[in-house]
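K.L.:
my_file_13.cif (mmCIF, C-alpha atoms and all ligand atoms) pasted underneath:
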```
data_data
#
loop_
_atom_site.label_atom_id
_atom_site.label_comp_id
_atom_site.auth_asym_id
_atom_site.auth_seq_id
_atom_site.Cartn_x
_atom_site.Cartn_y
_atom_site.Cartn_z
CA MET A 748 41.75 -71.61 -19.10
CA ILE A 749 40.74 -70.52 -15.65
CA ASN A 750 37.11 -69.62 -15.14
CA ARG A 751 36.77 -66.36 -13.23
CA LYS A 752 33.23 -65.53 -12.17
CA LYS A 753 32.38 -62.00 -13.26
CA ILE A 754 31.82 -59.47 -10.49
CA ILE A 755 29.78 -56.32 -10.99
CA ALA A 756 29.80 -53.79 -8.17
CA GLY A 757 27.83 -50.56 -7.91
CA ASN A 758 29.68 -47.74 -6.16
CA TRP A 759 27.04 -45.20 -5.18
CA LYS A 760 29.61 -42.73 -3.80
CA MET A 761 27.99 -39.92 -1.74
CA ASN A 762 24.54 -40.48 -3.19
CA LYS A 763 21.20 -41.63 -1.80
CA THR A 764 19.54 -41.21 1.56
CA GLN A 765 18.23 -44.32 3.31
CA ALA A 766 14.79 -43.75 1.81
CA GLU A 767 16.23 -43.42 -1.70
CA ALA A 768 18.46 -46.43 -1.17
CA ARG A 769 15.48 -48.59 -0.19
CA VAL A 770 13.69 -47.65 -3.40
CA VAL A 771 16.61 -48.33 -5.72
CA VAL A 772 17.56 -51.62 -4.05
CA GLY A 773 13.94 -52.79 -4.25
CA ASP A 774 14.04 -51.99 -7.97
CA ILE A 775 17.40 -53.72 -8.45
CA ILE A 776 16.08 -56.86 -6.76
CA ARG A 777 13.09 -56.86 -9.10
CA GLU A 778 15.15 -56.14 -12.21
CA ILE A 779 17.77 -58.77 -11.51
CA GLY A 780 15.54 -61.53 -10.22
CA ARG A 781 17.41 -64.73 -9.49
CA PHE A 782 20.23 -63.98 -11.92
CA ASP A 783 23.35 -65.48 -10.39
CA SER A 784 25.86 -66.10 -13.15
CA ALA A 785 27.78 -63.04 -11.93
CA GLU A 786 28.61 -61.86 -8.43
CA ILE A 787 26.61 -58.70 -7.81
CA VAL A 788 27.53 -56.16 -5.14
CA VAL A 789 25.98 -52.84 -4.13
CA CYS A 790 28.04 -50.31 -2.17
CA PRO A 791 25.80 -47.64 -0.63
CA PRO A 792 27.10 -44.85 1.63
CA PHE A 793 27.64 -45.83 5.30
CA THR A 794 24.34 -44.31 6.43
CA ALA A 795 22.30 -46.53 4.09
CA LEU A 796 24.16 -49.79 4.76
CA SER A 797 21.81 -50.96 7.47
CA ALA A 798 18.64 -50.25 5.44
CA VAL A 799 20.07 -52.01 2.36
CA SER A 800 21.33 -54.88 4.50
CA GLU A 801 17.81 -55.46 5.80
CA LEU A 802 16.39 -55.51 2.28
CA LEU A 803 19.06 -57.92 1.08
CA GLY A 804 18.52 -60.22 4.05
CA SER A 805 16.48 -62.71 2.09
CA VAL A 806 18.22 -62.10 -1.24
CA THR A 807 21.06 -64.48 -2.00
CA ASN A 808 22.42 -63.17 -5.28
CA ILE A 809 23.13 -59.53 -4.36
CA ARG A 810 25.73 -58.75 -1.73
CA LEU A 811 26.58 -55.71 0.31
CA GLY A 812 29.77 -53.66 0.08
CA ALA A 813 31.10 -50.51 1.72
CA GLN A 814 33.06 -47.73 0.01
CA ASN A 815 35.83 -47.31 2.58
CA MET A 816 36.88 -48.23 6.13
CA HIS A 817 39.56 -47.33 8.64
CA GLU A 818 42.41 -49.72 9.29
CA ALA A 819 42.30 -49.57 13.11
CA ALA A 820 40.02 -51.87 15.07
CA SER A 821 38.69 -49.00 17.20
CA GLY A 822 39.90 -45.81 18.83
CA ALA A 823 40.05 -42.04 18.61
CA TYR A 824 39.49 -41.60 14.88
CA THR A 825 36.64 -39.13 14.66
CA GLY A 826 34.37 -39.75 11.69
CA GLU A 827 35.79 -43.15 10.80
CA ILE A 828 34.26 -46.65 10.54
CA SER A 829 35.94 -49.97 11.42
CA ALA A 830 35.79 -53.36 9.76
CA ALA A 831 33.84 -54.83 12.70
CA MET A 832 31.19 -52.11 12.33
CA LEU A 833 30.77 -53.14 8.70
CA ARG A 834 30.72 -56.85 9.50
CA GLU A 835 27.92 -56.28 12.00
CA LEU A 836 25.76 -55.03 9.11
CA TYR A 837 26.59 -58.09 6.98
CA VAL A 838 28.88 -56.15 4.69
CA ARG A 839 31.03 -58.58 2.70
CA TYR A 840 33.12 -56.33 0.43
CA VAL A 841 34.88 -53.01 0.84
CA ILE A 842 36.22 -50.69 -1.87
CA LEU A 843 39.71 -49.49 -0.90
CA GLY A 844 41.98 -46.88 -2.46
CA HIS A 845 39.40 -45.47 -4.86
CA SER A 846 40.98 -42.61 -6.81
CA GLU A 847 38.59 -40.16 -5.13
CA ARG A 848 39.92 -41.31 -1.72
CA ARG A 849 43.44 -40.93 -3.03
CA GLN A 850 42.77 -37.50 -4.56
CA TYR A 851 40.54 -35.80 -1.99
CA PHE A 852 41.47 -37.62 1.22
CA HIS A 853 45.18 -38.10 0.59
CA GLU A 854 45.22 -41.87 0.79
CA ASP A 855 48.43 -43.33 -0.54
CA ASN A 856 49.50 -46.88 -1.35
CA ALA A 857 50.72 -47.44 2.23
CA THR A 858 47.29 -46.47 3.59
CA VAL A 859 45.61 -48.77 1.09
CA ASN A 860 47.96 -51.57 2.14
CA ARG A 861 47.11 -51.14 5.84
CA LYS A 862 43.38 -51.00 5.10
CA THR A 863 43.56 -54.07 2.89
CA LYS A 864 45.35 -55.97 5.65
CA ALA A 865 42.67 -54.97 8.17
CA ALA A 866 39.84 -55.87 5.79
CA LEU A 867 41.29 -59.33 5.14
CA ALA A 868 41.78 -59.91 8.87
CA ALA A 869 38.08 -59.14 9.35
CA GLU A 870 37.11 -61.45 6.50
CA LEU A 871 35.92 -58.63 4.29
CA ARG A 872 36.77 -58.89 0.60
CA PRO A 873 38.72 -55.80 -0.45
CA ILE A 874 38.16 -54.30 -3.88
CA VAL A 875 41.52 -52.56 -4.31
CA CYS A 876 41.50 -49.77 -6.89
CA VAL A 877 44.42 -48.73 -9.07
CA GLY A 878 44.60 -46.47 -12.10
CA GLU A 879 46.59 -43.73 -13.77
CA THR A 880 45.71 -40.08 -14.32
CA LEU A 881 45.42 -38.43 -17.74
CA PRO A 882 48.93 -36.88 -17.70
CA GLU A 883 50.33 -40.28 -16.66
CA ARG A 884 48.52 -41.97 -19.55
CA GLU A 885 49.54 -39.29 -22.04
CA SER A 886 53.20 -39.39 -21.02
CA ASP A 887 53.15 -43.16 -21.31
CA GLN A 888 53.89 -43.70 -17.64
CA TRP A 889 50.79 -45.74 -16.93
CA LYS A 890 52.62 -49.04 -16.68
CA THR A 891 55.06 -47.81 -14.05
CA VAL A 892 52.26 -46.09 -12.14
CA LEU A 893 50.17 -49.26 -12.03
CA GLU A 894 53.17 -51.33 -11.05
CA THR A 895 54.02 -49.07 -8.11
CA GLN A 896 50.41 -48.97 -6.96
CA LEU A 897 50.17 -52.76 -7.08
CA VAL A 898 53.52 -53.50 -5.46
CA GLU A 899 52.98 -51.01 -2.63
CA SER A 900 49.27 -51.63 -2.03
CA LEU A 901 49.78 -55.40 -1.92
CA ALA A 902 53.09 -55.36 -0.01
CA GLY A 903 53.53 -58.22 2.44
CA PHE A 904 50.81 -60.38 0.94
CA GLY A 905 51.16 -63.84 -0.55
CA ASP A 906 49.00 -66.03 -2.78
CA LYS A 907 46.70 -66.78 0.15
CA GLU A 908 45.81 -63.10 0.66
CA LEU A 909 45.60 -62.42 -3.07
CA ALA A 910 42.93 -65.09 -3.39
CA ASP A 911 40.53 -62.97 -1.32
CA ILE A 912 41.28 -59.67 -3.07
CA ILE A 913 39.52 -58.20 -6.08
CA LEU A 914 41.29 -55.53 -8.09
CA ALA A 915 39.66 -52.68 -9.96
CA TYR A 916 41.51 -50.95 -12.78
CA GLU A 917 40.02 -47.48 -12.96
CA PRO A 918 41.84 -44.98 -15.17
CA VAL A 919 41.19 -41.69 -13.39
CA TRP A 920 40.53 -39.92 -16.69
CA ALA A 921 37.60 -42.26 -17.36
CA ILE A 922 35.83 -41.88 -14.00
CA GLY A 923 32.66 -39.84 -14.19
CA THR A 924 33.80 -38.26 -17.45
CA GLY A 925 31.81 -40.30 -19.94
CA LYS A 926 35.17 -41.11 -21.51
CA THR A 927 35.64 -44.87 -21.35
CA ALA A 928 38.93 -46.60 -21.98
CA SER A 929 38.58 -48.52 -25.22
CA PRO A 930 38.16 -52.26 -24.68
CA ALA A 931 41.63 -52.73 -26.19
CA GLN A 932 43.19 -50.13 -23.85
CA ALA A 933 41.48 -51.67 -20.83
CA GLU A 934 42.49 -55.19 -21.83
CA GLU A 935 46.10 -54.07 -22.29
CA ALA A 936 46.12 -52.59 -18.77
CA HIS A 937 44.53 -55.72 -17.27
CA GLN A 938 47.12 -57.90 -18.97
CA TRP A 939 49.86 -55.67 -17.61
CA ILE A 940 48.39 -55.94 -14.10
CA ARG A 941 48.43 -59.73 -14.32
CA LYS A 942 52.01 -59.64 -15.60
CA VAL A 943 53.14 -57.48 -12.67
CA LEU A 944 51.30 -59.75 -10.22
CA ALA A 945 52.99 -62.82 -11.70
CA THR A 946 56.36 -61.38 -10.68
CA LYS A 947 55.26 -60.94 -7.05
CA PHE A 948 52.91 -63.89 -6.67
CA SER A 949 52.61 -67.26 -8.37
CA ALA A 950 51.51 -67.40 -12.00
CA ALA A 951 48.43 -69.35 -10.87
CA ALA A 952 47.44 -66.65 -8.35
CA SER A 953 47.80 -63.92 -10.97
CA GLU A 954 45.58 -65.93 -13.30
CA ARG A 955 42.97 -66.50 -10.59
CA ILE A 956 42.51 -62.92 -9.37
CA ARG A 957 39.54 -61.03 -10.71
CA ILE A 958 40.17 -57.58 -12.16
CA GLN A 959 37.24 -55.25 -12.67
CA TYR A 960 37.30 -52.35 -15.07
CA GLY A 961 35.83 -49.05 -13.86
CA GLY A 962 35.28 -45.69 -15.55
CA SER A 963 32.07 -44.66 -17.30
CA VAL A 964 30.77 -48.22 -17.65
CA LYS A 965 27.15 -48.30 -18.77
CA ALA A 966 24.69 -50.78 -20.27
CA GLU A 967 25.75 -49.74 -23.79
CA ASN A 968 29.49 -50.41 -23.44
CA ALA A 969 29.59 -53.14 -20.79
CA LYS A 970 29.38 -56.12 -23.11
CA GLU A 971 32.27 -55.07 -25.31
CA LEU A 972 34.49 -54.32 -22.32
CA LEU A 973 33.63 -57.44 -20.36
CA SER A 974 34.02 -59.76 -23.32
CA LYS A 975 37.78 -59.12 -23.19
CA PRO A 976 39.54 -62.13 -21.70
CA ASP A 977 41.21 -60.33 -18.78
CA ILE A 978 38.30 -58.08 -17.77
CA ASP A 979 36.40 -59.91 -15.07
CA GLY A 980 33.75 -57.42 -14.14
CA ALA A 981 32.98 -53.77 -13.61
CA LEU A 982 33.06 -51.23 -10.82
CA VAL A 983 30.23 -48.92 -11.78
CA GLY A 984 29.66 -45.42 -10.43
CA GLY A 985 27.07 -43.18 -12.12
CA ALA A 986 25.22 -45.91 -13.98
CA SER A 987 24.69 -47.91 -10.77
CA LEU A 988 22.48 -45.22 -9.25
CA ASP A 989 19.61 -46.26 -11.42
CA ALA A 990 18.23 -49.82 -11.12
CA ARG A 991 17.55 -50.19 -14.84
CA GLY A 992 21.00 -48.96 -15.79
CA PHE A 993 22.73 -51.21 -13.28
CA ALA A 994 20.67 -54.27 -14.19
CA GLY A 995 21.25 -53.48 -17.88
CA ILE A 996 25.02 -53.71 -17.38
CA ILE A 997 24.67 -57.05 -15.62
CA LYS A 998 22.31 -58.50 -18.19
CA ASN A 999 24.19 -57.20 -21.24
CA ALA A 1000 27.62 -58.19 -20.01
CA CYS A 1001 27.01 -61.41 -18.13
CA LEU A 1002 24.25 -63.26 -19.96
CA GLU A 1003 25.75 -65.85 -22.25
P1 LIG A 1101 31.78 -43.91 -13.09
O1 LIG A 1101 32.59 -44.21 -11.71
O2 LIG A 1101 31.17 -45.21 -13.49
O3 LIG A 1101 30.75 -42.89 -12.69
O4 LIG A 1101 32.76 -43.40 -14.05
C1 LIG A 1101 33.33 -45.37 -11.56
C2 LIG A 1101 33.97 -45.40 -10.20
O5 LIG A 1101 34.39 -44.35 -9.72
O6 LIG A 1101 34.07 -46.46 -9.57
#
```
Re-express the file's structure as structure tokens.

P.N.:
Amino acid sequence: MINRKKIIAGNWKMNKTQAEARVVVGDIIREIGRFDSAEIVVCPPFTALSAVSELLGSVTNIRLGAQNMHEAASGAYTGEISAAMLRELYVRYVILGHSERRQYFHEDNATVNRKTKAALAAELRPIVCVGETLPERESDQWKTVLETQLVESLAGFGDKELADIILAYEPVWAIGTGKTASPAQAEEAHQWIRKVLATKFSAAASERIRIQYGGSVKAENAKELLSKPDIDGALVGGASLDARGFAGIIKNACLE
């Protein structure tokens, strides 16, 4: 069986000033220590990236991620940020196609595809998010929805590109609601994602890719979710804003 290193990423969303970010990252560094049996990523808002980057400069087991980027290299795109701007701050990962970007900023699969292409070209590791809404889950359309999101967001890519991508399965109904998908529900969706990928990419590539679960993950439920064979990590919103909570997820879920 393939050994996929777990990856836990904290998505701070629109939270924390630079000063607040410095405090929480200092605490995370202390809480986590040298723990390195999982890949750990923090994704602060753009304005705190540089402060967090400085603090992580001498830390080797916690990496920096951004929450979004624009697909163009530069140009007249008021309010946007390019991959090169992120790279300059030592950002290594970028969350793309988060359901909040899809819902509030009208990003569709084609946008996510263009952004993913640009991120890969800049040697950033995209964390590509997919997930169904509550009506789609309740009407049993979640499989088709995930399939379309995957096929369209990853269009034009081959095994080589897939190797640098991380996927996050985030059922929209579980984000910020306190309602987590059951470990069995999440595992079923992750298995389906791998099955869809195996039709577009090689079986080996679909086995190798890491798929995070996201949606109300916290220290108390992380272990059960991440012990499922196809759940390779977590994309954590609310619970990543607090160092103890975030470190608790990592320790509970990733310590043997
Ligand atoms: P949540 O957010 O953990 O607060 O539900 C997850 C996410 O949006 O990535």

K.L.:
Let me have the centre and edge lengths in Å, one decimal, of the box along x, y and z around every listed atom of stretch 971-979 of chain A with 4 Å of margin on each side, as lines of an AutoDock Vina configuration file.

P.N.:
```
center_x = 36.7
center_y = -58.2
center_z = -20.2
size_x = 16.9
size_y = 15.8
size_z = 18.2
```

K.L.:
Between A:Asn856, A:Thr880, A:Thr946, A:Thr927, which is the closest to ligand LIG 1101 (chain A) once you count only C-alpha atoms and all ligand atoms?

P.N.:
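Looking at the shortest contact to ligand LIG 1101 (chain A), the residue is A:Thr927.
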
K.L.:
Can you work out which residues are within 10 Å of ligand LIG 1101 (chain A), considering only C-alpha atoms and all ligand atoms, and then hand them over as a ChimeraX atom specification?

P.N.:
/A:756-760,814,842,845-847,876,915-927,959-965,981-988

K.L.:
To one decimal in Å, tell me the separation between atom CA of A:Phe793 and atom CA of A:Met832.

P.N.:
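That distance, rounded to one decimal, is 10.1 Å.
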
K.L.:
So that I can check the surroundings of A:Ile997, please list as JSON, numbers by chain every protein, DNA and RNA residue that reaches within 7 Å of it, counting all atoms listed in the file and ignoring chain neighbours fewer than 4 positions away.

P.N.:
{"A": [755, 993, 1001]}

K.L.:
Since we have the selection now, will you write its residues out, keeping C-alpha atoms, as a PDB file, in the frame of the given file?

P.N.:
```pdb
ATOM      1  CA  ILE A 755      29.780 -56.320 -10.990  1.00  0.00           C
ATOM      2  CA  PHE A 993      22.730 -51.210 -13.280  1.00  0.00           C
ATOM      3  CA  CYS A1001      27.010 -61.410 -18.130  1.00  0.00           C
TER       4      CYS A1001
END
```

K.L.:
Name the residues, using the chain letters and numbers of the file, that sit within 8 Å of (28.6, -54.4, -0.8) when counting all atoms listed in the file, and give them as a PDB file with C-alpha atoms, keeping the file's coordinate frame.

P.N.:
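As a result, part25.pdb now contains:
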```pdb
ATOM      1  CA  ALA A 756      29.800 -53.790  -8.170  1.00  0.00           C
ATOM      2  CA  VAL A 788      27.530 -56.160  -5.140  1.00  0.00           C
ATOM      3  CA  VAL A 789      25.980 -52.840  -4.130  1.00  0.00           C
ATOM      4  CA  CYS A 790      28.040 -50.310  -2.170  1.00  0.00           C
ATOM      5  CA  PRO A 791      25.800 -47.640  -0.630  1.00  0.00           C
ATOM      6  CA  ARG A 810      25.730 -58.750  -1.730  1.00  0.00           C
ATOM      7  CA  LEU A 811      26.580 -55.710   0.310  1.00  0.00           C
ATOM      8  CA  GLY A 812      29.770 -53.660   0.080  1.00  0.00           C
ATOM      9  CA  ALA A 813      31.100 -50.510   1.720  1.00  0.00           C
ATOM     10  CA  VAL A 838      28.880 -56.150   4.690  1.00  0.00           C
ATOM     11  CA  ARG A 839      31.030 -58.580   2.700  1.00  0.00           C
ATOM     12  CA  TYR A 840      33.120 -56.330   0.430  1.00  0.00           C
ATOM     13  CA  VAL A 841      34.880 -53.010   0.840  1.00  0.00           C
TER      14      VAL A 841
END
```

K.L.:
Quick one: of A:Ala868, A:Ala966, A:Ala933, A:Leu802, who's nearest to A:Ser829, counting only C-alpha atoms?

P.N.:
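Of all the options, A:Ala868 lies closest to A:Ser829.
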
K.L.:
Skip A:Leu836 itself and residues of its chain fewer than 5 positions away, then list as a list in words all residues within 8 Å of it, counting all atoms listed in the file.

P.N.:
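Here the qualifying residues turn out to be Leu796, Ser797 and Ser800 of chain A.
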
K.L.:
Provide stretch 869-880 of chain A rebuilt to N, CA, C and O atoms, formatted as an mmCIF file, in the coordinates of the input.

P.N.:
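Writing the result to part.cif gives the following:
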```
data_model
loop_
_atom_site.group_PDB
_atom_site.id
_atom_site.type_symbol
_atom_site.label_atom_id
_atom_site.label_comp_id
_atom_site.auth_asym_id
_atom_site.auth_seq_id
_atom_site.Cartn_x
_atom_site.Cartn_y
_atom_site.Cartn_z
ATOM 1 N N ALA A 869 39.474 -59.126 8.912
ATOM 2 C CA ALA A 869 38.080 -59.140 9.350
ATOM 3 C C ALA A 869 37.197 -59.957 8.409
ATOM 4 O O ALA A 869 35.971 -59.951 8.514
ATOM 5 N N GLU A 870 37.835 -60.650 7.492
ATOM 6 C CA GLU A 870 37.110 -61.450 6.500
ATOM 7 C C GLU A 870 36.170 -60.646 5.620
ATOM 8 O O GLU A 870 35.083 -61.086 5.259
ATOM 9 N N LEU A 871 36.612 -59.425 5.309
ATOM 10 C CA LEU A 871 35.920 -58.630 4.290
ATOM 11 C C LEU A 871 36.729 -58.803 3.016
ATOM 12 O O LEU A 871 37.947 -58.952 3.061
ATOM 13 N N ARG A 872 36.044 -58.775 1.860
ATOM 14 C CA ARG A 872 36.770 -58.890 0.600
ATOM 15 C C ARG A 872 37.088 -57.498 0.066
ATOM 16 O O ARG A 872 36.184 -56.759 -0.329
ATOM 17 N N PRO A 873 38.362 -57.131 0.045
ATOM 18 C CA PRO A 873 38.720 -55.800 -0.450
ATOM 19 C C PRO A 873 38.643 -55.717 -1.976
ATOM 20 O O PRO A 873 39.065 -56.641 -2.666
ATOM 21 N N ILE A 874 38.091 -54.631 -2.455
ATOM 22 C CA ILE A 874 38.160 -54.300 -3.880
ATOM 23 C C ILE A 874 39.198 -53.176 -3.968
ATOM 24 O O ILE A 874 38.910 -52.030 -3.621
ATOM 25 N N VAL A 875 40.414 -53.524 -4.333
ATOM 26 C CA VAL A 875 41.520 -52.560 -4.310
ATOM 27 C C VAL A 875 41.618 -51.862 -5.661
ATOM 28 O O VAL A 875 41.765 -52.513 -6.698
ATOM 29 N N CYS A 876 41.532 -50.530 -5.627
ATOM 30 C CA CYS A 876 41.500 -49.770 -6.890
ATOM 31 C C CYS A 876 42.884 -49.218 -7.256
ATOM 32 O O CYS A 876 43.600 -48.697 -6.398
ATOM 33 N N VAL A 877 43.198 -49.341 -8.520
ATOM 34 C CA VAL A 877 44.420 -48.730 -9.070
ATOM 35 C C VAL A 877 44.037 -48.046 -10.388
ATOM 36 O O VAL A 877 43.000 -48.362 -10.976
ATOM 37 N N GLY A 878 44.895 -47.142 -10.826
ATOM 38 C CA GLY A 878 44.600 -46.470 -12.100
ATOM 39 C C GLY A 878 45.419 -45.216 -12.252
ATOM 40 O O GLY A 878 45.760 -44.569 -11.262
ATOM 41 N N GLU A 879 45.729 -44.887 -13.501
ATOM 42 C CA GLU A 879 46.590 -43.730 -13.770
ATOM 43 C C GLU A 879 45.756 -42.502 -14.113
ATOM 44 O O GLU A 879 44.609 -42.619 -14.531
ATOM 45 N N THR A 880 46.373 -41.329 -13.957
ATOM 46 C CA THR A 880 45.710 -40.080 -14.320
ATOM 47 C C THR A 880 45.920 -39.807 -15.823
ATOM 48 O O THR A 880 46.706 -40.498 -16.469
#
```
